[in-house]
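Listing of work.txt; format and content: compact mmCIF, C-alpha atoms.
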```txt
# COMPACT_ATOMS: atom_id res chain seq x y z
CA MET A 48 -135.75 288.30 -85.56
CA ASN A 49 -139.01 289.68 -86.97
CA ASN A 50 -140.59 289.48 -83.53
CA TRP A 51 -139.97 285.80 -83.02
CA PRO A 52 -141.09 285.26 -79.44
CA LEU A 53 -138.71 284.51 -76.57
CA TRP A 54 -138.87 281.04 -75.00
CA GLU A 55 -137.58 279.84 -71.63
CA ILE A 56 -135.81 276.49 -71.81
CA PHE A 57 -135.91 273.77 -69.17
CA VAL A 58 -133.77 270.64 -69.46
CA ARG A 59 -133.98 267.33 -67.57
CA SER A 60 -130.36 266.19 -67.29
CA LYS A 61 -131.25 262.54 -66.70
CA ALA A 62 -134.26 260.37 -65.96
CA GLY A 63 -135.29 260.76 -62.35
CA LEU A 64 -134.25 264.41 -62.03
CA ASN A 65 -136.44 267.49 -62.44
CA HIS A 66 -136.35 269.84 -65.41
CA LYS A 67 -134.19 272.85 -64.65
CA HIS A 68 -134.14 276.29 -66.23
CA VAL A 69 -131.04 276.69 -68.44
CA GLY A 70 -131.66 279.89 -70.40
CA SER A 71 -133.75 281.33 -73.19
CA LEU A 72 -133.84 281.67 -76.95
CA HIS A 73 -135.93 283.03 -79.81
CA ALA A 74 -137.98 280.79 -82.10
CA SER A 75 -140.98 281.22 -84.34
CA ASP A 76 -142.95 278.38 -82.69
CA ALA A 77 -142.69 275.70 -80.01
CA GLU A 78 -141.35 273.07 -82.37
CA MET A 79 -138.51 275.33 -83.50
CA ALA A 80 -137.86 276.31 -79.88
CA ILE A 81 -137.25 272.64 -79.04
CA GLN A 82 -134.99 272.13 -82.03
CA ASN A 83 -132.98 275.24 -81.22
CA ALA A 84 -132.83 274.33 -77.53
CA ARG A 85 -131.39 270.97 -78.49
CA ASP A 86 -128.63 272.69 -80.50
CA VAL A 87 -127.96 275.50 -78.05
CA TYR A 88 -128.30 273.79 -74.68
CA THR A 89 -127.59 270.07 -75.13
CA ARG A 90 -124.47 269.79 -77.28
CA ARG A 91 -122.66 267.74 -74.63
CA ASN A 92 -125.21 265.24 -73.31
CA GLU A 93 -126.71 267.78 -70.90
CA GLY A 94 -130.22 266.47 -71.31
CA VAL A 95 -132.71 263.72 -72.03
CA SER A 96 -135.82 265.90 -72.14
CA ILE A 97 -136.60 269.54 -72.98
CA TRP A 98 -139.50 271.80 -71.99
CA VAL A 99 -140.07 275.11 -73.71
CA VAL A 100 -142.40 277.82 -72.40
CA GLU A 101 -143.02 281.16 -74.02
CA SER A 102 -141.50 283.73 -71.67
CA LYS A 103 -144.66 285.86 -71.65
CA HIS A 104 -146.56 283.01 -69.96
CA ILE A 105 -144.32 283.04 -66.91
CA THR A 106 -145.53 285.00 -63.90
CA ALA A 107 -142.77 285.80 -61.46
CA SER A 108 -142.92 287.02 -57.89
CA ASP A 109 -141.90 290.62 -57.36
CA PRO A 110 -138.41 291.04 -55.84
CA ASP A 111 -139.81 293.93 -53.78
CA ASP A 112 -142.14 291.48 -52.07
CA SER A 113 -139.36 289.16 -50.92
CA ASP A 114 -139.60 290.30 -47.31
CA PRO A 115 -143.30 289.59 -46.77
CA LEU A 116 -143.09 286.41 -48.86
CA TYR A 117 -140.05 284.71 -47.41
CA GLU A 118 -139.39 286.38 -44.07
CA PRO A 119 -142.11 284.48 -42.17
CA ALA A 120 -140.34 281.14 -42.75
CA LYS A 121 -137.16 282.34 -41.10
CA ASP A 122 -138.27 282.21 -37.46
CA LYS A 123 -139.93 278.82 -37.68
CA VAL A 124 -137.05 276.62 -36.65
CA TYR A 125 -139.54 274.14 -35.20
CA ARG A 126 -140.20 273.02 -38.78
CA HIS A 127 -136.79 271.37 -38.81
CA PRO A 128 -136.03 268.00 -37.16
CA THR A 129 -132.98 269.29 -35.29
CA PHE A 130 -135.22 271.62 -33.24
CA TYR A 131 -136.33 268.67 -31.09
CA ASP A 132 -134.10 267.45 -28.24
CA LEU A 133 -134.01 263.68 -27.93
CA PRO A 134 -131.70 261.53 -25.80
CA ASP A 135 -128.82 259.81 -27.63
CA GLU A 136 -130.25 256.41 -26.74
CA VAL A 137 -133.15 256.89 -29.13
CA LYS A 138 -132.20 255.11 -32.34
CA HIS A 139 -133.62 255.15 -35.86
CA MET A 140 -135.25 258.53 -35.61
CA MET B 537 -138.48 303.45 -51.96
CA ASP B 538 -136.55 306.49 -53.10
CA GLU B 539 -133.58 306.28 -55.46
CA LYS B 540 -130.96 306.82 -52.76
CA HIS B 541 -132.37 304.00 -50.65
CA LEU B 542 -132.56 301.66 -53.67
CA GLU B 543 -128.98 302.44 -54.60
CA ASP B 544 -127.74 301.78 -51.05
CA HIS B 545 -129.50 298.44 -51.07
CA PHE B 546 -127.96 297.63 -54.47
CA ASN B 547 -124.46 298.53 -53.24
CA GLU B 548 -124.97 296.44 -50.14
CA LYS B 549 -125.76 293.42 -52.29
CA ILE B 550 -122.68 294.04 -54.44
CA ASP B 551 -120.51 294.28 -51.31
CA GLN B 552 -121.91 291.02 -49.96
CA ASP B 553 -121.40 289.29 -53.32
CA VAL B 554 -125.15 288.71 -53.68
CA ARG B 555 -126.01 288.39 -57.38
CA ILE B 556 -128.22 290.96 -59.09
CA GLU B 557 -131.10 289.39 -61.05
CA PRO B 558 -133.07 290.86 -63.99
CA LYS B 559 -136.08 292.14 -62.03
CA ASP B 560 -133.99 293.66 -59.22
CA TRP B 561 -133.51 297.40 -59.11
CA MET B 562 -130.15 298.49 -60.56
CA PRO B 563 -128.60 301.86 -61.39
CA ASP B 564 -129.09 302.96 -64.96
CA HIS B 565 -125.37 303.22 -65.55
CA TYR B 566 -124.82 299.63 -64.35
CA ARG B 567 -127.50 298.43 -66.78
CA LYS B 568 -126.02 300.38 -69.70
CA THR B 569 -122.46 299.28 -68.96
CA LEU B 570 -123.57 295.65 -68.79
CA ILE B 571 -125.51 295.88 -72.05
CA ARG B 572 -122.41 297.27 -73.74
CA GLN B 573 -120.06 294.71 -72.21
CA ILE B 574 -122.26 291.63 -72.75
CA SER B 575 -123.30 292.57 -76.28
CA GLN B 576 -119.68 293.26 -77.27
CA HIS B 577 -118.87 289.84 -75.97
CA ALA B 578 -121.78 288.23 -77.85
CA HIS B 579 -120.78 289.99 -81.08
CA SER B 580 -117.20 288.76 -80.61
CA GLU B 581 -118.41 285.17 -80.42
CA ILE B 582 -120.46 285.55 -83.58
CA VAL B 583 -117.85 287.44 -85.61
CA GLY B 584 -115.22 285.08 -84.20
CA MET B 585 -116.72 282.25 -86.23
CA LEU B 586 -115.77 283.96 -89.48
CA PRO B 587 -111.95 283.69 -89.46
CA GLU B 588 -112.25 279.96 -88.75
CA ALA B 589 -115.10 279.09 -91.10
CA ASN B 590 -112.75 279.29 -94.05
CA TRP B 591 -110.66 276.44 -92.65
CA ILE B 592 -113.41 273.93 -91.94
CA SER B 593 -113.37 272.61 -95.49
CA ARG B 594 -109.56 272.84 -95.59
CA ALA B 595 -108.77 271.00 -92.36
CA PRO B 596 -105.98 268.45 -92.94
CA THR B 597 -107.76 265.46 -91.37
CA LEU B 598 -111.27 264.36 -90.52
CA ARG B 599 -110.38 264.59 -86.81
CA ARG B 600 -109.36 268.23 -87.21
CA LYS B 601 -112.43 268.97 -89.27
CA ALA B 602 -114.78 267.52 -86.66
CA ALA B 603 -113.05 269.60 -83.97
CA ALA B 604 -113.21 272.79 -86.07
CA LEU B 605 -116.91 272.27 -86.74
CA ALA B 606 -117.64 271.65 -83.06
CA LYS B 607 -115.66 274.73 -82.06
CA VAL B 608 -117.44 277.01 -84.49
CA GLN B 609 -120.80 275.58 -83.42
CA ASP B 610 -119.87 276.29 -79.79
CA GLU B 611 -119.11 279.88 -80.69
CA ALA B 612 -122.57 280.30 -82.20
CA GLY B 613 -123.95 278.84 -78.96
CA HIS B 614 -121.85 281.17 -76.82
CA GLY B 615 -123.09 284.15 -78.80
CA LEU B 616 -126.66 283.00 -78.17
CA TYR B 617 -126.17 282.52 -74.40
CA LEU B 618 -124.76 286.03 -74.20
CA TYR B 619 -127.41 287.68 -76.38
CA SER B 620 -130.04 286.07 -74.13
CA ALA B 621 -128.30 287.33 -70.99
CA CYS B 622 -128.14 290.79 -72.55
CA GLU B 623 -131.83 290.75 -73.42
CA THR B 624 -132.75 290.25 -69.76
CA LEU B 625 -131.54 293.84 -69.29
CA GLY B 626 -134.37 295.12 -71.48
CA VAL B 627 -132.76 295.45 -74.90
CA ASP B 628 -134.11 293.35 -77.78
CA ARG B 629 -132.17 291.12 -80.13
CA ASP B 630 -132.85 293.07 -83.31
CA THR B 631 -131.48 296.25 -81.73
CA LEU B 632 -128.29 294.43 -80.72
CA LEU B 633 -127.79 292.97 -84.20
CA ASP B 634 -128.46 296.33 -85.77
CA GLN B 635 -125.77 297.89 -83.57
CA LEU B 636 -123.31 295.28 -84.83
CA HIS B 637 -124.20 295.72 -88.49
CA THR B 638 -124.05 299.51 -88.38
CA GLY B 639 -120.74 299.56 -86.51
CA LYS B 640 -122.29 301.17 -83.44
CA ALA B 641 -121.26 298.21 -81.29
CA LYS B 642 -117.73 296.87 -81.12
CA TYR B 643 -116.39 293.33 -81.03
CA SER B 644 -112.96 292.03 -80.14
CA SER B 645 -110.44 293.56 -82.56
CA ILE B 646 -108.57 290.25 -82.84
CA PHE B 647 -111.14 288.98 -85.34
CA ASN B 648 -110.16 291.69 -87.81
CA TYR B 649 -106.94 289.84 -88.62
CA PRO B 650 -106.83 287.32 -91.48
CA THR B 651 -106.23 283.55 -91.11
CA LEU B 652 -103.59 282.87 -93.74
CA THR B 653 -102.48 279.29 -93.04
CA TRP B 654 -103.67 276.19 -91.22
CA ALA B 655 -101.24 277.03 -88.40
CA ASP B 656 -103.45 280.05 -87.67
CA MET B 657 -106.13 277.64 -86.47
CA GLY B 658 -103.59 276.35 -83.97
CA ALA B 659 -102.45 279.81 -82.89
CA ILE B 660 -106.02 281.07 -82.53
CA GLY B 661 -107.04 278.15 -80.33
CA TRP B 662 -103.90 278.36 -78.23
CA LEU B 663 -103.54 282.14 -77.88
CA VAL B 664 -106.85 283.79 -78.76
CA ASP B 665 -109.01 281.28 -76.92
CA GLY B 666 -106.38 281.18 -74.19
CA ALA B 667 -106.62 284.94 -73.73
CA ALA B 668 -110.41 284.77 -73.89
CA ILE B 669 -110.50 282.12 -71.17
CA MET B 670 -108.24 284.23 -68.97
CA ASN B 671 -110.67 287.12 -69.39
CA GLN B 672 -113.77 284.98 -68.92
CA VAL B 673 -113.01 282.74 -65.95
CA PRO B 674 -113.19 285.64 -63.45
CA LEU B 675 -116.50 286.70 -65.04
CA CYS B 676 -118.11 283.46 -63.87
CA ARG B 677 -118.34 285.42 -60.60
CA ALA B 678 -119.75 288.57 -62.24
CA SER B 679 -122.34 290.36 -60.12
CA TYR B 680 -125.12 290.06 -62.72
CA GLY B 681 -126.70 286.59 -62.43
CA PRO B 682 -127.61 285.85 -66.08
CA TYR B 683 -124.16 287.01 -67.24
CA ALA B 684 -122.32 284.90 -64.67
CA ARG B 685 -124.41 281.83 -65.56
CA ALA B 686 -123.73 282.31 -69.28
CA MET B 687 -120.01 282.66 -68.55
CA ILE B 688 -119.96 279.41 -66.57
CA ARG B 689 -121.38 277.55 -69.56
CA VAL B 690 -118.98 279.30 -71.94
CA CYS B 691 -115.90 278.55 -69.82
CA LYS B 692 -116.82 274.89 -69.43
CA GLU B 693 -116.99 274.52 -73.20
CA GLU B 694 -114.10 276.77 -74.13
CA SER B 695 -111.38 274.65 -72.56
CA PHE B 696 -111.42 272.21 -75.48
CA HIS B 697 -110.98 275.09 -77.90
CA GLN B 698 -107.63 276.01 -76.40
CA ARG B 699 -106.45 272.42 -76.07
CA GLN B 700 -107.27 271.53 -79.67
CA GLY B 701 -105.38 274.65 -80.78
CA PHE B 702 -102.32 273.74 -78.77
CA GLU B 703 -102.46 270.22 -80.17
CA ILE B 704 -102.43 271.62 -83.72
CA MET B 705 -99.36 273.72 -82.83
CA LEU B 706 -97.66 270.74 -81.20
CA THR B 707 -98.23 268.55 -84.27
CA LEU B 708 -96.81 271.22 -86.57
CA CYS B 709 -93.83 271.85 -84.29
CA LYS B 710 -92.98 268.16 -84.29
CA GLY B 711 -93.33 268.01 -88.10
CA SER B 712 -91.18 269.00 -91.07
CA ASP B 713 -89.10 272.19 -91.28
CA GLU B 714 -91.83 273.73 -93.35
CA GLN B 715 -94.46 272.91 -90.75
CA GLN B 716 -92.32 274.32 -87.95
CA LYS B 717 -91.87 277.52 -89.92
CA MET B 718 -95.63 277.72 -90.41
CA ALA B 719 -96.17 277.44 -86.65
CA GLN B 720 -93.53 280.11 -85.93
CA ASP B 721 -95.05 282.41 -88.56
CA ALA B 722 -98.51 282.04 -86.98
CA LEU B 723 -97.11 282.83 -83.53
CA ASN B 724 -95.32 285.88 -84.98
CA ARG B 725 -98.56 287.24 -86.42
CA TRP B 726 -100.94 286.40 -83.53
CA TRP B 727 -98.84 287.15 -80.45
CA TRP B 728 -99.23 290.92 -80.32
CA PRO B 729 -102.90 291.03 -81.34
CA ALA B 730 -103.53 288.42 -78.60
CA LEU B 731 -101.92 290.72 -75.99
CA MET B 732 -104.13 293.56 -77.26
CA MET B 733 -107.23 291.47 -76.48
CA PHE B 734 -106.92 292.50 -72.84
CA GLY B 735 -107.64 296.09 -73.83
CA PRO B 736 -105.83 299.38 -73.13
CA THR B 737 -103.37 299.75 -70.25
CA ASP B 738 -104.90 300.40 -66.83
CA ALA B 739 -103.81 304.03 -67.12
CA ASP B 740 -105.89 304.38 -70.29
CA SER B 741 -108.87 302.38 -69.07
CA PRO B 742 -111.06 304.91 -67.27
CA HIS B 743 -114.03 302.57 -66.65
CA THR B 744 -112.03 299.86 -64.90
CA GLU B 745 -112.44 301.27 -61.40
CA GLN B 746 -116.23 301.56 -61.64
CA SER B 747 -116.56 298.14 -63.28
CA MET B 748 -114.49 296.54 -60.54
CA ARG B 749 -116.58 298.29 -57.90
CA TRP B 750 -119.66 296.76 -59.55
CA GLY B 751 -118.14 293.30 -59.79
CA ILE B 752 -118.50 293.08 -63.56
CA LYS B 753 -114.74 293.07 -63.93
CA ARG B 754 -112.61 291.19 -61.42
CA PHE B 755 -109.03 291.94 -62.53
CA THR B 756 -107.54 294.88 -64.44
CA ASN B 757 -106.44 294.63 -68.07
CA ASP B 758 -102.76 294.77 -67.15
CA GLU B 759 -103.10 292.10 -64.45
CA LEU B 760 -104.73 289.69 -66.88
CA ARG B 761 -102.25 290.48 -69.65
CA GLN B 762 -99.32 289.79 -67.32
CA LYS B 763 -100.86 286.50 -66.28
CA PHE B 764 -101.31 285.55 -69.93
CA VAL B 765 -97.66 286.31 -70.77
CA ASP B 766 -96.51 284.34 -67.72
CA VAL B 767 -98.39 281.18 -68.70
CA SER B 768 -97.74 281.46 -72.45
CA LYS B 769 -93.93 281.74 -72.39
CA PRO B 770 -93.32 278.21 -70.98
CA GLN B 771 -95.91 276.86 -73.43
CA ALA B 772 -94.03 278.41 -76.37
CA ASP B 773 -90.78 276.92 -75.01
CA LEU B 774 -92.45 273.53 -74.91
CA LEU B 775 -93.46 273.93 -78.54
CA GLY B 776 -89.92 275.04 -79.39
CA ILE B 777 -90.99 278.28 -81.04
CA LYS B 778 -90.06 281.83 -80.12
CA ILE B 779 -92.37 284.60 -78.95
CA PRO B 780 -91.63 287.61 -81.21
CA ASP B 781 -90.57 289.99 -78.43
CA PRO B 782 -86.88 290.78 -77.85
CA ASP B 783 -87.74 292.37 -74.48
CA LEU B 784 -89.44 289.27 -73.10
CA LYS B 785 -87.44 288.04 -70.12
CA TRP B 786 -87.93 286.71 -66.61
CA ASN B 787 -87.77 289.31 -63.88
CA GLU B 788 -86.74 287.57 -60.69
CA ALA B 789 -87.59 290.55 -58.48
CA ARG B 790 -91.15 290.86 -59.80
CA GLY B 791 -91.71 287.14 -60.17
CA HIS B 792 -93.11 287.82 -63.66
CA TYR B 793 -91.93 288.10 -67.24
CA ASP B 794 -91.14 291.59 -68.48
CA PHE B 795 -92.34 292.21 -72.00
CA GLY B 796 -92.07 294.83 -74.73
CA GLU B 797 -94.30 297.78 -75.49
CA ILE B 798 -97.52 297.03 -77.38
CA ASN B 799 -98.12 298.98 -80.58
CA TRP B 800 -101.11 300.95 -79.31
CA ASP B 801 -101.43 302.90 -82.55
CA GLU B 802 -102.21 299.64 -84.28
CA PHE B 803 -104.69 298.70 -81.54
CA TYR B 804 -106.68 301.93 -81.80
CA ASN B 805 -106.47 301.89 -85.57
CA VAL B 806 -108.05 298.42 -85.77
CA ILE B 807 -110.74 299.42 -83.27
CA LYS B 808 -111.55 302.43 -85.42
CA GLY B 809 -112.29 300.09 -88.31
CA ASN B 810 -109.02 300.12 -90.21
CA GLY B 811 -107.81 296.58 -89.50
CA PRO B 812 -107.11 294.20 -92.38
CA CYS B 813 -110.56 292.52 -92.24
CA ASN B 814 -113.00 294.90 -90.49
CA LYS B 815 -115.01 295.55 -93.63
CA GLN B 816 -115.00 291.93 -94.74
CA ARG B 817 -116.31 290.75 -91.33
CA ILE B 818 -119.19 293.22 -91.13
CA ASP B 819 -120.07 292.65 -94.79
CA ALA B 820 -120.27 288.91 -94.14
CA ARG B 821 -122.54 289.39 -91.09
CA THR B 822 -124.80 291.87 -92.88
CA LYS B 823 -125.07 289.64 -95.93
CA ALA B 824 -126.04 286.63 -93.78
CA TRP B 825 -128.65 288.74 -91.97
CA GLU B 826 -130.17 290.19 -95.13
CA GLU B 827 -130.14 287.00 -97.15
CA GLY B 828 -131.69 285.12 -94.23
CA ALA B 829 -134.62 287.55 -94.02
CA TRP B 830 -136.94 285.37 -96.12
CA VAL B 831 -136.29 282.39 -93.83
CA ARG B 832 -137.23 284.39 -90.75
CA GLU B 833 -140.33 285.75 -92.47
CA ALA B 834 -141.37 282.31 -93.73
CA ALA B 835 -141.02 280.80 -90.25
CA SER B 836 -143.13 283.58 -88.78
CA ALA B 837 -145.80 283.14 -91.47
CA TYR B 838 -145.87 279.38 -90.87
CA ALA B 839 -146.22 279.85 -87.10
CA GLU B 840 -149.04 282.32 -87.64
CA LYS B 841 -150.86 279.96 -90.02
CA LYS B 842 -150.61 277.08 -87.55
CA THR B 843 -151.94 279.22 -84.70
CA LYS B 844 -154.95 280.19 -86.85
CA GLN B 845 -155.60 276.55 -87.81
CA GLN B 846 -155.52 275.52 -84.16
CA ALA B 847 -157.93 278.29 -83.26
CA ALA B 848 -160.39 277.28 -86.00
```
Show me this structure written as structure tokens.
Amino acid sequence: MNNWPLWEIFVRSKAGLNHKHVGSLHASDAEMAIQNARDVYTRRNEGVSIWVVESKHITASDPDDSDPLYEPAKDKVYRHPTFYDLPDEVKHM
Amino acid sequence: MDEKHLEDHFNEKIDQDVRIEPKDWMPDHYRKTLIRQISQHAHSEIVGMLPEANWISRAPTLRRKAAALAKVQDEAGHGLYLYSACETLGVDRDTLLDQLHTGKAKYSSIFNYPTLTWADMGAIGWLVDGAAIMNQVPLCRASYGPYARAMIRVCKEESFHQRQGFEIMLTLCKGSDEQQKMAQDALNRWWWPALMMFGPTDADSPHTEQSMRWGIKRFTNDELRQKFVDVSKPQADLLGIKIPDPDLKWNEARGHYDFGEINWDEFYNVIKGNGPCNKQRIDARTKAWEEGAWVREAASAYAEKKTKQQAA
């Protein structure tokens, strides 16, 4: 591939929805990455818009940090509406 | 964390069917086995385009030609999904391609058989893609996330490959005597190689147990092969052609079809490189790679020039 960089591909499946990561591919530049993404990831009407980002620009959280990062949210049930007891007579809430 | 602790945590995730993702810790052997398995699969998709390419310009109708083109294009796509999944394990694309071109990596031995008539396009879709689907559907639940996601895409797209193949067979089987003979001849030549696609018998498949433990294989070779025979026999009956196996018969007690012994000498011989088309396939891939070098270099040079212009 003569060191063609790796690109991460994000596709919006239809207007109104967010772009979603679908995979990666190699391309010499951004323009080629979009063209290749169109051929590789949208052969069956999977998308109406494509984002490409060079993989090296993505910073990811460390899987070893998952406990400190996500654990604190687990015991905060009071952030959810069902935590609050209301009588059945209360409507529209 | 020490190695033992990491490995326990990894095994726990496997047991709970939690997917392993690229940055997660994994045993070295798991990584290596996956690289081998996924790259073999990617190579099979890419080499698998070759036996069909010859028939694109010879398809009997425009409808068949459009389908053949779409199928071959899908296979290129499937190869790319799988190469990308493989690269998340820390191996780069050039290394993988080099392993294919130098014969260090294997691909499915089925693609080392020639496609002699148009009926072969039917038989390949029906049987070869059928066998591939049977292998691949369980891998949509493989323990390695990028692999499972690639397999989901592949399986979604592959279903049309098998159906268009069966439709070709059906058209031939409803046609003239000559066309029916062509269909029967294709079945005769592709049946046994298709059964070989599931790999050696369980007794001769030493890695199966470990791979099943790791969730990168969900059924054994023999289980999948039996399933394939069971679904294919009624399909052949529907076409009105005969599977070339005198020992094929329903076994009421087992609830499965019994079938004859596979010619394992032939299987191992083709794997070793002595099939009818091994050399031709690798030569074609190497030629495409070498003759495409200037395109890859030109694209890199153009990208570099543009980056410099933007910087200036």
Could you give me the centre and size, in Å to one decimal, of an axis-aligned box around all listed atoms of segment 661-675 of chain B with 8 Å added on every side, as JSON?
```
{"center_x": -110.0, "center_y": 282.6, "center_z": -71.9, "size_x": 29.0, "size_y": 25.0, "size_z": 32.9}
```
Contact residues (chain A, partner chain B, 9 Å, all atoms listed in the file) as a compact mmCIF listing (two decimals) with C-alpha atoms, in the frame of the given file:
```txt
# COMPACT_ATOMS: atom_id res chain seq x y z
CA MET A 48 -135.75 288.30 -85.56
CA ASN A 49 -139.01 289.68 -86.97
CA ASN A 50 -140.59 289.48 -83.53
CA TRP A 51 -139.97 285.80 -83.02
CA VAL A 69 -131.04 276.69 -68.44
CA GLY A 70 -131.66 279.89 -70.40
CA SER A 71 -133.75 281.33 -73.19
CA LEU A 72 -133.84 281.67 -76.95
CA HIS A 73 -135.93 283.03 -79.81
CA ALA A 74 -137.98 280.79 -82.10
CA SER A 75 -140.98 281.22 -84.34
CA ASP A 76 -142.95 278.38 -82.69
CA ALA A 77 -142.69 275.70 -80.01
CA ASP A 86 -128.63 272.69 -80.50
CA VAL A 87 -127.96 275.50 -78.05
CA TYR A 88 -128.30 273.79 -74.68
CA ARG A 90 -124.47 269.79 -77.28
CA ARG A 91 -122.66 267.74 -74.63
CA ASP A 109 -141.90 290.62 -57.36
CA PRO A 110 -138.41 291.04 -55.84
CA ASP A 111 -139.81 293.93 -53.78
```
Give me the residues near Glu694 of chain B as JSON, numbers by chain, where near means some atom within 9 Å (using all atoms listed in the file) and where sequence neighbours in that chain fewer than 6 positions away do not count.
{"B": [607, 610, 611, 665, 666, 668, 669]}
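Taking atom CA of Glu797 of chain B as the reference point, atom CA of His743 of chain B is found at 22.1 Å.
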What does the distance between atom CA of Lys717 of chain B and atom CA of Met657 of chain B come to in Å, to one decimal place?
14.7 Å
